[in-house]
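Asker: Just passing along the structure, written as structure tokens.
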Amino acid sequence: VDSSAKLAAFSKMDNTQHGSVDIAIAKAVTANNLKRPTKVLQDRIAEGGVNLRLLSAPGITPLEGGVPIIAGGKIIGAIGVSGVLANQDAEVAMAGAAAVK
């Protein structure tokens, strides 16, 4: 997504589960809008307590695999990946963000 969280580019591998499409986009939007990797949110929820209120926040997808793209200290967009294990989603997203720079 671009800096306004609008889809700028998209790619899907053959035979990817259909649900991963929306999840990947939502991870990118979340990372962009909250200016942090979505793993931070996932970890907060795992702590429980008041952090569980994140689950009811509109437009938030607290699943690992979304990372902001930062250039010159500013968020210029974000990448979201879904379809494999969460830590693998994040690894792919981080590689993509690094390639953009």
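In the structure tokens, chains take the letters A, B, ... in the order shown, each chain's residues start at 1, and ligands count up from 1 in the order shown.
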When you look at stretch 66-83 of chain A with a cut-off of 6 Å (counting only C-alpha atoms), what residues show up, excluding the ones that are within fewer than 5 positions of it in the same chain? I need them as a list in words.

Answerer: Val1, Asp2, Ser3, Ser20, Ala24, Ile25, Lys27, Ala28, Ala31, Asn32, Pro37, Thr38, Asp89, Ala93 and Ala97 of chain A

Asker: Okay, now the selection with C-alpha atoms, as a compact mmCIF listing (two decimals), in the first residue's frame?

Answerer:
# COMPACT_ATOMS: atom_id res chain seq x y z
CA VAL A 1 0.00 0.00 0.00
CA ASP A 2 1.07 3.60 -0.45
CA SER A 3 1.42 6.14 2.36
CA SER A 20 -4.87 -14.73 2.17
CA ALA A 24 -2.27 -9.57 3.25
CA ILE A 25 -3.82 -6.26 2.23
CA LYS A 27 -1.76 -6.40 7.27
CA ALA A 28 -0.21 -3.78 4.97
CA ALA A 31 1.35 -1.53 9.37
CA ASN A 32 1.03 1.70 7.42
CA PRO A 37 5.09 -3.98 12.14
CA THR A 38 1.93 -5.94 12.80
CA ASP A 89 4.98 -13.96 6.15
CA ALA A 93 7.43 -8.73 3.90
CA ALA A 97 10.43 -3.63 2.18

Asker: Extract the full set of helix (DSSP H, G or I) residues from chain A according to DSSP on the backbone, and format it as a PyMOL selection string.

Answerer: chain A and resi 19-34+38-47+49-56+86-100

Asker: Quick one: of A:Val100, A:Ala46, A:Leu41, A:Val29, who's nearest to A:Lys6, counting only C-alpha atoms?

Answerer: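 Under the stated criterion, the closest residue is A:Val29.
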
Asker: Choose the residue, out of A:Gln17, A:Ser56, A:Pro62, A:Ala26, that has the smallest atom-to-atom separation from A:Asp43; count only C-alpha atoms.

Answerer: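 Answer, going by the shortest atom-to-atom distance: A:Pro62.
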
Asker: May I ask which of the residues A:Arg53, A:Lys39, A:Lys101, A:Arg44 is the closest one to A:Ala86, counting only C-alpha atoms?

Answerer: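 Among the listed residues, the smallest separation from A:Ala86 belongs to A:Lys39.
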
Asker: Would you mind reading off the distance between atom CA of A:Ile60 and atom CA of A:Ala8, one decimal, in Å?

Answerer: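 A separation of 19.1 Å between them.
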
Asker: I'd like the interatomic distance between atom CA of A:Ala57 and atom CA of A:Leu34, to a tenth of an Å.

Answerer: 11.8 Å

Asker: Just the number, please: distance in Å from atom CA of A:Ala5 to atom CA of A:Val40, one decimal.

Answerer: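 Atom-to-atom, atom CA of A:Ala5 to atom CA of A:Val40, that is 18.5 Å.
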
Asker: Would you please extract all strand (DSSP E) residues from stretch 11-85 of chain A, as assigned by DSSP on the backbone, and give them as a list in words?

Answerer: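 Across stretch 11-85 of chain A, those assigned strand (DSSP E) are Gly66, Val67, Pro68, Ile69, Ile70, Ala71, Lys74, Ile75, Ile76, Gly77, Ala78, Ile79 and Gly80 of chain A.
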